[in-house]
>>> print(open('coords_7.pdb').read())   # PDB, C-alpha atoms
MODEL        1
ATOM      1  CA  MET A   1      12.671  14.362 -66.937
ATOM      2  CA  ARG A   2      11.672  10.828 -67.966
ATOM      3  CA  TYR A   3      12.766   9.456 -64.576
ATOM      4  CA  LYS A   4      10.692  12.130 -62.831
ATOM      5  CA  ASN A   5       7.580  11.055 -64.746
ATOM      6  CA  ILE A   6       8.156   7.385 -63.914
ATOM      7  CA  LEU A   7       8.602   8.285 -60.238
ATOM      8  CA  CYS A   8       5.338  10.265 -60.268
ATOM      9  CA  ILE A   9       3.441   7.311 -61.780
ATOM     10  CA  VAL A  10       4.880   4.926 -59.189
ATOM     11  CA  LEU A  11       3.952   7.270 -56.347
ATOM     12  CA  VAL A  12       0.369   7.664 -57.597
ATOM     13  CA  LEU A  13      -0.002   3.895 -57.998
ATOM     14  CA  CYS A  14       1.375   3.226 -54.533
ATOM     15  CA  SER A  15      -0.913   5.727 -52.827
ATOM     16  CA  ASN A  16      -3.999   4.444 -54.694
ATOM     17  CA  THR A  17      -3.321   0.816 -53.798
ATOM     18  CA  GLY A  18      -2.722   1.591 -50.117
ATOM     19  CA  PHE A  19       0.939   0.597 -50.307
ATOM     20  CA  PHE A  20       2.048   3.296 -47.869
ATOM     21  CA  THR A  21      -0.634   2.685 -45.296
ATOM     22  CA  HIS A  22       0.017  -1.049 -45.394
ATOM     23  CA  TYR A  23       3.804  -1.119 -45.354
ATOM     24  CA  MET A  24       4.880   2.190 -43.944
ATOM     25  CA  GLY A  25       2.597   2.627 -41.016
ATOM     26  CA  SER A  26      -0.976   3.259 -40.283
ATOM     27  CA  GLY A  27      -1.255   6.758 -41.728
ATOM     28  CA  ALA A  28      -3.669   9.260 -40.223
ATOM     29  CA  ALA A  29      -5.138   8.544 -36.821
ATOM     30  CA  LEU A  30      -8.606   6.995 -36.778
ATOM     31  CA  LYS A  31      -9.557   8.961 -33.701
ATOM     32  CA  LYS A  32      -8.069  11.027 -30.958
ATOM     33  CA  TRP A  33      -9.383  10.962 -27.426
ATOM     34  CA  VAL A  34      -8.559  13.752 -25.022
ATOM     35  CA  VAL A  35      -8.377  12.558 -21.424
ATOM     36  CA  ASN A  36     -10.066  15.136 -19.225
ATOM     37  CA  GLU A  37      -8.626  16.298 -15.952
ATOM     38  CA  ASN A  38     -11.554  14.899 -13.945
ATOM     39  CA  SER A  39     -10.520  11.312 -14.711
ATOM     40  CA  SER A  40      -9.721   9.215 -11.656
ATOM     41  CA  LEU A  41      -7.818   6.160 -10.523
ATOM     42  CA  SER A  42      -8.243   3.964  -7.481
ATOM     43  CA  VAL A  43      -6.153   1.289  -5.843
ATOM     44  CA  ASN A  44      -7.985  -1.180  -3.640
ATOM     45  CA  GLY A  45      -6.283  -3.654  -1.391
ATOM     46  CA  SER A  46      -6.552  -5.330   1.950
ATOM     47  CA  THR A  47      -4.630  -6.311   5.040
ATOM     48  CA  ASN A  48      -5.503  -9.074   7.487
ATOM     49  CA  ILE A  49      -7.369  -6.460   9.579
ATOM     50  CA  ASN A  50      -9.022  -4.108   7.074
ATOM     51  CA  LYS A  51      -9.561  -3.086   3.484
ATOM     52  CA  PHE A  52      -8.248   0.107   1.985
ATOM     53  CA  SER A  53      -9.208   2.167  -1.005
ATOM     54  CA  CYS A  54      -6.856   4.855  -2.185
ATOM     55  CA  VAL A  55      -7.924   7.246  -4.915
ATOM     56  CA  ILE A  56      -6.540   9.912  -7.125
ATOM     57  CA  PRO A  57      -9.863  11.716  -7.436
ATOM     58  CA  ALA A  58      -8.938  14.063 -10.254
ATOM     59  CA  TYR A  59      -6.251  13.484 -12.848
ATOM     60  CA  GLY A  60      -5.501  17.189 -13.059
ATOM     61  CA  ARG A  61      -3.959  17.038 -16.538
ATOM     62  CA  ILE A  62      -5.118  16.841 -20.124
ATOM     63  CA  ASP A  63      -3.587  14.108 -22.282
ATOM     64  CA  THR A  64      -4.340  12.592 -25.667
ATOM     65  CA  ILE A  65      -4.761   8.973 -26.705
ATOM     66  CA  THR A  66      -4.489   8.301 -30.430
ATOM     67  CA  LEU A  67      -6.226   5.349 -32.073
ATOM     68  CA  ASN A  68      -4.768   3.804 -35.234
ATOM     69  CA  LYS A  69      -5.569   0.651 -37.143
ATOM     70  CA  SER A  70      -3.133  -2.144 -36.475
ATOM     71  CA  LYS A  71      -1.215  -3.836 -39.291
ATOM     72  CA  ASP A  72      -3.524  -6.840 -39.288
ATOM     73  CA  GLU A  73      -6.496  -4.427 -39.580
ATOM     74  CA  LYS A  74      -8.357  -6.284 -36.804
ATOM     75  CA  GLY A  75      -7.248  -4.487 -33.703
ATOM     76  CA  ILE A  76      -6.539  -0.916 -32.780
ATOM     77  CA  VAL A  77      -3.158   0.419 -31.853
ATOM     78  CA  LEU A  78      -3.225   3.047 -29.152
ATOM     79  CA  SER A  79      -0.614   5.595 -28.377
ATOM     80  CA  GLY A  80      -0.750   7.788 -25.337
ATOM     81  CA  SER A  81      -0.368   7.462 -21.638
ATOM     82  CA  ILE A  82      -1.493   8.882 -18.357
ATOM     83  CA  ASP A  83       1.046   9.859 -15.751
ATOM     84  CA  LEU A  84      -0.232   9.953 -12.210
ATOM     85  CA  LYS A  85       1.409  11.564  -9.217
ATOM     86  CA  VAL A  86       1.852   9.022  -6.436
ATOM     87  CA  ASN A  87       1.577  11.778  -3.843
ATOM     88  CA  SER A  88      -1.953  12.530  -5.122
ATOM     89  CA  PHE A  89      -3.265   9.274  -3.630
ATOM     90  CA  ASP A  90      -5.750   9.715  -0.817
ATOM     91  CA  CYS A  91      -6.535   6.658   1.310
ATOM     92  CA  HIS A  92      -8.962   8.612   3.565
ATOM     93  CA  ASN A  93      -6.544   8.065   6.466
ATOM     94  CA  SER A  94      -3.335  10.080   6.628
ATOM     95  CA  GLY A  95      -1.261   7.196   7.987
ATOM     96  CA  MET A  96      -2.409   4.800   5.275
ATOM     97  CA  THR A  97      -1.884   7.436   2.600
ATOM     98  CA  LYS A  98       1.707   7.929   3.765
ATOM     99  CA  GLN A  99       2.194   4.163   3.961
ATOM    100  CA  LEU A 100       1.002   3.612   0.366
ATOM    101  CA  GLN A 101       3.261   6.409  -0.876
ATOM    102  CA  LYS A 102       6.187   4.871   0.971
ATOM    103  CA  THR A 103       5.396   1.384  -0.337
ATOM    104  CA  LEU A 104       5.232   2.726  -3.907
ATOM    105  CA  ASN A 105       8.605   4.376  -3.322
ATOM    106  CA  GLN A 106       7.193   7.828  -4.055
ATOM    107  CA  LYS A 107      10.401   9.693  -3.224
ATOM    108  CA  GLN A 108      12.372   7.880  -5.915
ATOM    109  CA  PHE A 109       9.521   7.303  -8.383
ATOM    110  CA  PRO A 110       6.989  10.122  -8.005
ATOM    111  CA  LEU A 111       4.945   9.106 -11.067
ATOM    112  CA  LEU A 112       2.924   6.050 -11.948
ATOM    113  CA  HIS A 113       2.434   5.550 -15.704
ATOM    114  CA  ILE A 114      -0.250   3.732 -17.649
ATOM    115  CA  ARG A 115       0.612   3.466 -21.336
ATOM    116  CA  PHE A 116      -2.213   2.422 -23.610
ATOM    117  CA  LEU A 117      -1.092  -0.044 -26.266
ATOM    118  CA  SER A 118      -4.055  -1.631 -28.005
ATOM    119  CA  LEU A 119      -7.746  -2.437 -28.162
ATOM    120  CA  ASP A 120      -9.159  -5.616 -29.610
ATOM    121  CA  ARG A 121     -11.470  -3.589 -31.889
ATOM    122  CA  LEU A 122     -12.682  -0.091 -32.570
ATOM    123  CA  PRO A 123     -15.531   0.514 -30.148
ATOM    124  CA  VAL A 124     -18.815   1.962 -31.318
ATOM    125  CA  ILE A 125     -19.558   4.417 -28.573
ATOM    126  CA  THR A 126     -23.148   4.499 -27.396
ATOM    127  CA  ALA A 127     -24.885   5.133 -24.101
ATOM    128  CA  LYS A 128     -25.059   1.384 -23.605
ATOM    129  CA  PRO A 129     -21.779   0.206 -22.032
ATOM    130  CA  GLN A 130     -19.719  -1.979 -24.297
ATOM    131  CA  LEU A 131     -17.053  -4.437 -23.199
ATOM    132  CA  ILE A 132     -13.706  -4.411 -24.963
ATOM    133  CA  THR A 133     -10.268  -5.654 -24.098
ATOM    134  CA  GLY A 134      -6.854  -4.171 -24.571
ATOM    135  CA  MET A 135      -3.273  -4.125 -23.496
ATOM    136  CA  VAL A 136      -1.492  -1.585 -21.344
ATOM    137  CA  ASP A 137       1.930  -1.140 -19.870
ATOM    138  CA  ILE A 138       1.796  -0.168 -16.216
ATOM    139  CA  GLU A 139       4.896   1.339 -14.667
ATOM    140  CA  ILE A 140       5.118   1.497 -10.901
ATOM    141  CA  ALA A 141       8.275   2.254  -8.952
ATOM    142  CA  GLY A 142      10.371   2.117 -12.109
ATOM    143  CA  VAL A 143       9.208  -1.377 -13.132
ATOM    144  CA  THR A 144       7.033  -1.795 -16.237
ATOM    145  CA  LYS A 145       4.707  -4.757 -16.736
ATOM    146  CA  ARG A 146       2.304  -5.481 -19.601
ATOM    147  CA  PHE A 147      -1.261  -6.454 -18.753
ATOM    148  CA  GLY A 148      -4.481  -7.266 -20.538
ATOM    149  CA  ILE A 149      -7.333  -5.068 -19.360
ATOM    150  CA  ASN A 150     -11.089  -5.443 -19.583
ATOM    151  CA  TYR A 151     -12.651  -2.111 -20.411
ATOM    152  CA  GLN A 152     -16.170  -0.871 -20.310
ATOM    153  CA  ILE A 153     -16.774   2.017 -22.652
ATOM    154  CA  SER A 154     -19.865   4.161 -22.966
ATOM    155  CA  GLN A 155     -21.045   7.601 -23.831
ATOM    156  CA  ASP A 156     -22.076   9.900 -21.015
ATOM    157  CA  ALA A 157     -24.886  12.452 -20.946
ATOM    158  CA  GLU A 158     -22.583  15.210 -22.220
ATOM    159  CA  LYS A 159     -21.482  13.153 -25.246
ATOM    160  CA  GLY A 160     -18.171  12.419 -23.584
ATOM    161  CA  ILE A 161     -16.596   8.961 -23.431
ATOM    162  CA  ASP A 162     -16.305   7.036 -20.165
ATOM    163  CA  LEU A 163     -13.641   4.367 -20.244
ATOM    164  CA  LEU A 164     -13.565   2.168 -17.171
ATOM    165  CA  GLY A 165     -10.759  -0.288 -16.775
ATOM    166  CA  SER A 166      -9.657  -2.482 -13.925
ATOM    167  CA  ARG A 167      -7.033  -5.079 -13.317
ATOM    168  CA  ASN A 168      -5.730  -7.138 -10.413
ATOM    169  CA  LEU A 169      -2.030  -6.664  -9.817
ATOM    170  CA  ASN A 170       0.428  -7.774  -7.210
ATOM    171  CA  PHE A 171       2.899  -5.597  -5.336
ATOM    172  CA  SER A 172       5.433  -8.283  -6.163
ATOM    173  CA  ASP A 173       4.866  -7.791  -9.941
ATOM    174  CA  PHE A 174       6.720  -4.497  -9.460
ATOM    175  CA  ASN A 175       9.330  -5.808  -7.025
ATOM    176  CA  LEU A 176       7.517  -4.054  -4.185
ATOM    177  CA  ILE A 177       7.173  -5.610  -0.762
ATOM    178  CA  PRO A 178       3.716  -5.319   0.816
ATOM    179  CA  PRO A 179       4.159  -3.774   4.266
ATOM    180  CA  THR A 180       3.940  -5.769   7.482
ATOM    181  CA  LYS A 181       3.592  -4.305  10.971
ATOM    182  CA  LEU A 182       4.082  -5.425  14.577
ATOM    183  CA  GLY A 183       6.408  -8.293  13.778
ATOM    184  CA  GLY A 184       4.225  -9.544  10.932
ATOM    185  CA  MET A 185       0.984  -9.600  12.926
ATOM    186  CA  ILE A 186      -0.500  -7.045  10.518
ATOM    187  CA  LYS A 187       0.113  -8.009   6.902
ATOM    188  CA  THR A 188      -0.875  -6.272   3.705
ATOM    189  CA  LYS A 189      -1.949  -8.741   1.039
ATOM    190  CA  ASP A 190       0.063  -8.852  -2.151
ATOM    191  CA  GLN A 191      -2.922  -8.399  -4.461
ATOM    192  CA  LEU A 192      -4.259  -4.982  -5.430
ATOM    193  CA  THR A 193      -6.995  -3.928  -7.790
ATOM    194  CA  VAL A 194      -6.203  -0.906  -9.910
ATOM    195  CA  ALA A 195      -9.254   0.712 -11.482
ATOM    196  CA  PHE A 196      -9.396   3.817 -13.600
ATOM    197  CA  ASN A 197     -12.215   5.895 -14.956
ATOM    198  CA  LEU A 198     -11.128   7.999 -17.886
ATOM    199  CA  ASN A 199     -13.478  10.727 -18.954
ATOM    200  CA  MET A 200     -12.618  11.654 -22.529
ATOM    201  CA  LYS A 201     -13.771  13.576 -25.555
ATOM    202  CA  THR A 202     -13.202  12.761 -29.206
ATOM    203  CA  ILE A 203     -11.351  15.383 -31.228
TER     204      ILE A 203
ATOM    205  CA  MET B   1      23.678 -12.150  39.243
ATOM    206  CA  LYS B   2      22.763 -15.721  38.335
ATOM    207  CA  LYS B   3      19.468 -15.329  40.194
ATOM    208  CA  ILE B   4      18.711 -12.139  38.262
ATOM    209  CA  LEU B   5      19.407 -13.861  34.935
ATOM    210  CA  ILE B   6      17.386 -16.974  35.754
ATOM    211  CA  THR B   7      14.352 -15.059  37.034
ATOM    212  CA  GLY B   8      14.673 -12.705  34.075
ATOM    213  CA  LEU B   9      14.717 -15.640  31.664
ATOM    214  CA  ILE B  10      11.699 -17.314  33.281
ATOM    215  CA  ALA B  11       9.743 -14.065  33.337
ATOM    216  CA  GLY B  12      10.846 -13.423  29.716
ATOM    217  CA  CYS B  13       9.442 -16.775  28.550
ATOM    218  CA  ILE B  14       6.140 -16.174  30.360
ATOM    219  CA  LEU B  15       5.866 -12.604  29.044
ATOM    220  CA  PHE B  16       6.746 -13.746  25.527
ATOM    221  CA  VAL B  17       3.833 -16.161  25.452
ATOM    222  CA  LEU B  18       1.359 -13.839  27.161
ATOM    223  CA  SER B  19       2.376 -10.613  25.371
ATOM    224  CA  TYR B  20       2.530 -11.892  21.821
ATOM    225  CA  GLY B  21      -0.339 -14.310  22.382
ATOM    226  CA  GLY B  22      -2.409 -11.399  23.683
ATOM    227  CA  LEU B  23      -1.326  -9.218  20.781
ATOM    228  CA  PHE B  24      -2.220 -11.941  18.293
ATOM    229  CA  LEU B  25      -5.677 -12.316  19.846
ATOM    230  CA  GLY B  26      -6.091  -8.537  19.969
ATOM    231  CA  VAL B  27      -5.320  -8.198  16.254
ATOM    232  CA  ARG B  28      -7.699 -11.067  15.500
ATOM    233  CA  PHE B  29     -10.657  -9.995  17.613
ATOM    234  CA  PHE B  30     -10.280  -6.199  17.772
ATOM    235  CA  PRO B  31      -8.843  -5.376  14.333
ATOM    236  CA  LYS B  32     -10.112  -1.782  14.346
ATOM    237  CA  LEU B  33      -7.752  -0.949  17.224
ATOM    238  CA  PHE B  34      -4.812  -1.817  15.003
ATOM    239  CA  VAL B  35      -5.714   0.013  11.789
ATOM    240  CA  ALA B  36      -3.680   3.043  12.903
ATOM    241  CA  TYR B  37      -0.517   0.927  12.782
ATOM    242  CA  ASP B  38      -0.693   0.970   8.955
ATOM    243  CA  ASN B  39       1.515   4.017   8.992
ATOM    244  CA  PRO B  40       5.162   4.541   7.964
ATOM    245  CA  LEU B  41       5.861   5.534  11.567
ATOM    246  CA  PHE B  42       6.004   1.809  12.252
ATOM    247  CA  ASN B  43       8.629  -0.405  10.683
ATOM    248  CA  SER B  44       7.144  -2.145   7.660
ATOM    249  CA  ASP B  45       9.789  -4.230   5.953
ATOM    250  CA  GLY B  46      10.249  -6.799   8.711
ATOM    251  CA  ASN B  47      13.959  -6.118   9.193
ATOM    252  CA  ARG B  48      13.424  -5.394  12.905
ATOM    253  CA  ASP B  49      11.035  -8.241  13.692
ATOM    254  CA  VAL B  50      13.660 -10.078  15.742
ATOM    255  CA  LEU B  51      14.142  -6.983  17.909
ATOM    256  CA  PHE B  52      10.368  -6.676  18.262
ATOM    257  CA  TYR B  53      10.058 -10.240  19.552
ATOM    258  CA  MET B  54      13.058  -9.805  21.880
ATOM    259  CA  HIS B  55      11.234  -7.071  23.783
ATOM    260  CA  ALA B  56       9.697  -9.539  26.272
ATOM    261  CA  PHE B  57      13.187 -10.625  27.318
ATOM    262  CA  ILE B  58      14.667  -7.127  27.363
ATOM    263  CA  ILE B  59      11.979  -5.857  29.731
ATOM    264  CA  SER B  60      12.170  -9.029  31.841
ATOM    265  CA  PHE B  61      15.921  -8.809  32.404
ATOM    266  CA  ALA B  62      15.694  -5.089  33.189
ATOM    267  CA  LEU B  63      12.821  -5.606  35.627
ATOM    268  CA  SER B  64      14.551  -8.621  37.164
ATOM    269  CA  TRP B  65      17.536  -6.449  38.030
ATOM    270  CA  PHE B  66      15.230  -3.703  39.349
ATOM    271  CA  TRP B  67      13.322  -6.226  41.461
ATOM    272  CA  ASP B  68      16.498  -7.738  42.926
ATOM    273  CA  ARG B  69      17.781  -4.281  43.822
ATOM    274  CA  PHE B  70      14.599  -2.935  45.418
ATOM    275  CA  LYS B  71      12.493  -5.969  46.377
ATOM    276  CA  VAL B  72      12.804  -5.211  50.101
ATOM    277  CA  LEU B  73      10.680  -2.120  49.528
ATOM    278  CA  PHE B  74       7.726  -4.140  48.224
ATOM    279  CA  LYS B  75       5.881  -5.627  51.181
ATOM    280  CA  GLY B  76       2.738  -7.680  51.683
ATOM    281  CA  THR B  77       1.285 -10.683  49.899
ATOM    282  CA  LEU B  78       2.629 -12.001  46.588
ATOM    283  CA  LEU B  79      -0.247 -10.346  44.743
ATOM    284  CA  MET B  80       0.280  -6.986  46.459
ATOM    285  CA  ARG B  81       4.028  -7.044  45.811
ATOM    286  CA  GLY B  82       3.493  -7.849  42.127
ATOM    287  CA  LEU B  83       0.837  -5.149  41.732
ATOM    288  CA  GLU B  84       2.871  -2.479  43.505
ATOM    289  CA  PHE B  85       5.965  -3.370  41.495
ATOM    290  CA  GLY B  86       4.027  -3.046  38.244
ATOM    291  CA  LEU B  87       2.519   0.291  39.260
ATOM    292  CA  VAL B  88       5.883   1.713  40.377
ATOM    293  CA  TYR B  89       7.499   0.759  37.078
ATOM    294  CA  SER B  90       4.569   2.184  35.115
ATOM    295  CA  VAL B  91       4.575   5.532  36.925
ATOM    296  CA  ILE B  92       8.355   5.965  36.889
ATOM    297  CA  ALA B  93       9.224   4.635  33.446
ATOM    298  CA  LEU B  94       6.148   4.195  31.272
ATOM    299  CA  LEU B  95       4.162   7.328  32.017
ATOM    300  CA  PRO B  96       6.910   9.832  31.069
ATOM    301  CA  VAL B  97       7.796   7.841  27.938
ATOM    302  CA  MET B  98       4.162   7.685  26.852
ATOM    303  CA  TRP B  99       3.828  11.404  27.553
ATOM    304  CA  ILE B 100       6.764  12.371  25.375
ATOM    305  CA  SER B 101       5.710   9.863  22.696
ATOM    306  CA  PHE B 102       2.215  11.294  22.431
ATOM    307  CA  SER B 103       3.461  14.853  22.441
ATOM    308  CA  SER B 104       6.029  14.311  19.707
ATOM    309  CA  LEU B 105       4.713  11.537  17.433
ATOM    310  CA  ASP B 106       1.701  11.378  15.163
ATOM    311  CA  ILE B 107      -0.054   8.710  17.246
ATOM    312  CA  THR B 108      -3.501   8.454  18.771
ATOM    313  CA  VAL B 109      -4.612   8.588  22.424
ATOM    314  CA  VAL B 110      -5.973   5.041  22.104
ATOM    315  CA  MET B 111      -2.596   3.858  20.876
ATOM    316  CA  VAL B 112      -0.719   5.480  23.773
ATOM    317  CA  LEU B 113      -3.222   4.216  26.357
ATOM    318  CA  SER B 114      -2.980   0.698  24.956
ATOM    319  CA  TRP B 115       0.826   0.827  25.176
ATOM    320  CA  PHE B 116       0.606   2.046  28.772
ATOM    321  CA  LEU B 117      -1.806  -0.720  29.773
ATOM    322  CA  TYR B 118       0.254  -3.301  27.875
ATOM    323  CA  GLY B 119       3.409  -2.239  29.741
ATOM    324  CA  LEU B 120       1.562  -2.120  33.074
ATOM    325  CA  ALA B 121       0.236  -5.654  32.560
ATOM    326  CA  GLN B 122       3.718  -6.875  31.591
ATOM    327  CA  ALA B 123       5.276  -5.312  34.706
ATOM    328  CA  ILE B 124       2.596  -6.737  37.044
ATOM    329  CA  ILE B 125       3.025 -10.235  35.562
ATOM    330  CA  ALA B 126       6.818  -9.918  35.848
ATOM    331  CA  GLY B 127       6.404  -8.662  39.464
ATOM    332  CA  LEU B 128       4.270 -11.676  40.363
ATOM    333  CA  VAL B 129       6.843 -14.031  38.834
ATOM    334  CA  PHE B 130       9.693 -12.320  40.706
ATOM    335  CA  ALA B 131       7.773 -12.300  43.995
ATOM    336  CA  LYS B 132       7.212 -16.029  43.586
ATOM    337  CA  ILE B 133      10.683 -17.214  42.528
ATOM    338  CA  ASN B 134      12.945 -14.508  43.987
ATOM    339  CA  PRO B 135      11.089 -13.288  47.089
TER     340      PRO B 135
ENDMDL
END
>>> encode(input="coords_7.pdb", output="structure tokens")
Amino acid sequence: MRYKNILCIVLVLCSNTGFFTHYMGSGAALKKWVVNENSSLSVNGSTNINKFSCVIPAYGRIDTITLNKSKDEKGIVLSGSIDLKVNSFDCHNSGMTKQLQKTLNQKQFPLLHIRFLSLDRLPVITAKPQLITGMVDIEIAGVTKRFGINYQISQDAEKGIDLLGSRNLNFSDFNLIPPTKLGGMIKTKDQLTVAFNLNMKTI
Amino acid sequence: MKKILITGLIAGCILFVLSYGGLFLGVRFFPKLFVAYDNPLFNSDGNRDVLFYMHAFIISFALSWFWDRFKVLFKGTLLMRGLEFGLVYSVIALLPVMWISFSSLDITVVMVLSWFLYGLAQAIIAGLVFAKINP
């Protein structure tokens, strides 16, 4: 009985001083963002003869991103990801669409993943776009790479959150070979720009 | 046989320069014509590039044999013999291949026409070379 009382006192003291939130994790989520199905992603690149822009115009799923305070209390830890179907890309030209899907090895790796890891701070969401940075893991064709991303976050007319992010990547970052045609006379450049526009709501 | 090989080799070198030089200039100055090649129908990892660049010699040796076998049928000036040779090859070999290619592959009319004209030009140039060095 005496031990039980001592244990109760210790537990109360620990919870009041923030012991658990500091040492055992971040506790309850600060916010949760639900990614709406009308979010989109685009991949822009070029060859020596043209430019291409391939889009996944509508995400088609609903996912959640959770925001927690990081251990150092400065940044924000994110958990959540978006999983995009490679065969949903549309390059506005059937041949180029098929080529991108082949280059991204769609048959073996049908999904492209973006895992949200962190933000440099908790954004105050207003109609005026705000610039923040963060880290993501991008997985393409079974290879995962970590990147810093510059985001622009704002509130839309329907009180939703628009999160725009973009990043230059290389095919070679993911062990992919940019296609060449006609004995190398047509060459796709290694660099791509991946841009996403997440339309979200706070829950 | 030696004559066929030598004329084939000479024609192959000339066609190599003209064909790939022309293709290079075409890609550079008329890029829109080549956008349709960004398609998995065409080899994209470069593992067949050597075969691609050997084409000038393959067609030259084949046409050199054809010329040696049937050259007596092509009469007139050097220019006329070369032109007729190119047209005969194009009608007999190219046209049916282009026809079946267009009917069975997801390719455009412009693409097929350009291949036909490319092959016709190659055969006329080869015919002129053969008429000159193996009359």
>>> interface_residues(input="coords_7.pdb", of="chain B", to="chain A", cutoff="6 Å", atoms="only C-alpha atoms", output="list of chain:residue names")
B:Pro31, B:Asp38, B:Asn39, B:Pro40, B:Ser44, B:Asp45, B:Asp49
>>> resolve_selection(input="coords_7.pdb", expression="the PyMOL selection byres ((chain B and resi 16) around 10)", output="VMD selection string")
chain B and resid 10 to 15 17 to 22 53 to 57 60 122
>>> resolve_selection(input="coords_7.pdb", expression="the PyMOL selection byres ((chain A and resi 83) around 6)", output="list in words")
Ile82, Leu84, Leu112 and His113 of chain A
>>> atom_distance(input="coords_7.pdb", atom1="atom CA of Leu128 of chain B", atom2="atom CA of Phe74 of chain B")
11.4 Å
>>> atom_distance(input="coords_7.pdb", atom1="atom CA of Met135 of chain A", atom2="atom CA of Val43 of chain A")
18.7 Å
>>> resolve_selection(input="coords_7.pdb", expression="the PyMOL selection byres ((chain A and resi 202) around 7)", output="list in words")
Lys31, Lys32, Trp33, Val34, Met200, Lys201 and Ile203 of chain A
>>> build_atoms(input="coords_7.pdb", residues="segment 43-59 of chain A", atoms="N, CA and C atoms", output="short mmCIF file (atom, residue, chain, number, x, y, z; two decimals), keeping the file's coordinate frame")
data_model
loop_
_atom_site.label_atom_id
_atom_site.label_comp_id
_atom_site.auth_asym_id
_atom_site.auth_seq_id
_atom_site.Cartn_x
_atom_site.Cartn_y
_atom_site.Cartn_z
N VAL A 43 -6.90 2.50 -6.17
CA VAL A 43 -6.15 1.29 -5.84
C VAL A 43 -6.83 0.69 -4.62
N ASN A 44 -7.32 -0.53 -4.77
CA ASN A 44 -7.98 -1.18 -3.64
C ASN A 44 -7.18 -2.40 -3.22
N GLY A 45 -7.03 -2.52 -1.92
CA GLY A 45 -6.28 -3.65 -1.39
C GLY A 45 -6.79 -4.01 -0.02
N SER A 46 -6.12 -4.94 0.61
CA SER A 46 -6.55 -5.33 1.95
C SER A 46 -5.37 -5.80 2.78
N THR A 47 -5.57 -5.74 4.08
CA THR A 47 -4.63 -6.31 5.04
C THR A 47 -5.40 -7.41 5.78
N ASN A 48 -4.76 -8.06 6.73
CA ASN A 48 -5.50 -9.07 7.49
C ASN A 48 -6.45 -8.44 8.51
N ILE A 49 -6.45 -7.09 8.62
CA ILE A 49 -7.37 -6.46 9.58
C ILE A 49 -8.35 -5.48 8.93
N ASN A 50 -8.09 -5.06 7.70
CA ASN A 50 -9.02 -4.11 7.07
C ASN A 50 -8.83 -4.08 5.56
N LYS A 51 -9.70 -3.32 4.92
CA LYS A 51 -9.56 -3.09 3.48
C LYS A 51 -9.22 -1.62 3.30
N PHE A 52 -8.53 -1.31 2.23
CA PHE A 52 -8.25 0.11 1.98
C PHE A 52 -8.55 0.45 0.53
N SER A 53 -8.93 1.68 0.34
CA SER A 53 -9.21 2.17 -1.00
C SER A 53 -8.55 3.53 -1.13
N CYS A 54 -7.60 3.60 -2.01
CA CYS A 54 -6.86 4.86 -2.18
C CYS A 54 -7.18 5.41 -3.57
N VAL A 55 -7.50 6.68 -3.63
CA VAL A 55 -7.92 7.25 -4.92
C VAL A 55 -7.10 8.47 -5.29
N ILE A 56 -6.98 8.62 -6.59
CA ILE A 56 -6.54 9.91 -7.12
C ILE A 56 -7.81 10.47 -7.74
N PRO A 57 -8.51 11.36 -7.02
CA PRO A 57 -9.86 11.72 -7.44
C PRO A 57 -9.94 12.52 -8.73
N ALA A 58 -8.91 13.27 -9.02
CA ALA A 58 -8.94 14.06 -10.25
C ALA A 58 -7.55 14.02 -10.88
N TYR A 59 -7.53 13.66 -12.15
CA TYR A 59 -6.25 13.48 -12.85
C TYR A 59 -5.46 14.79 -12.89
#
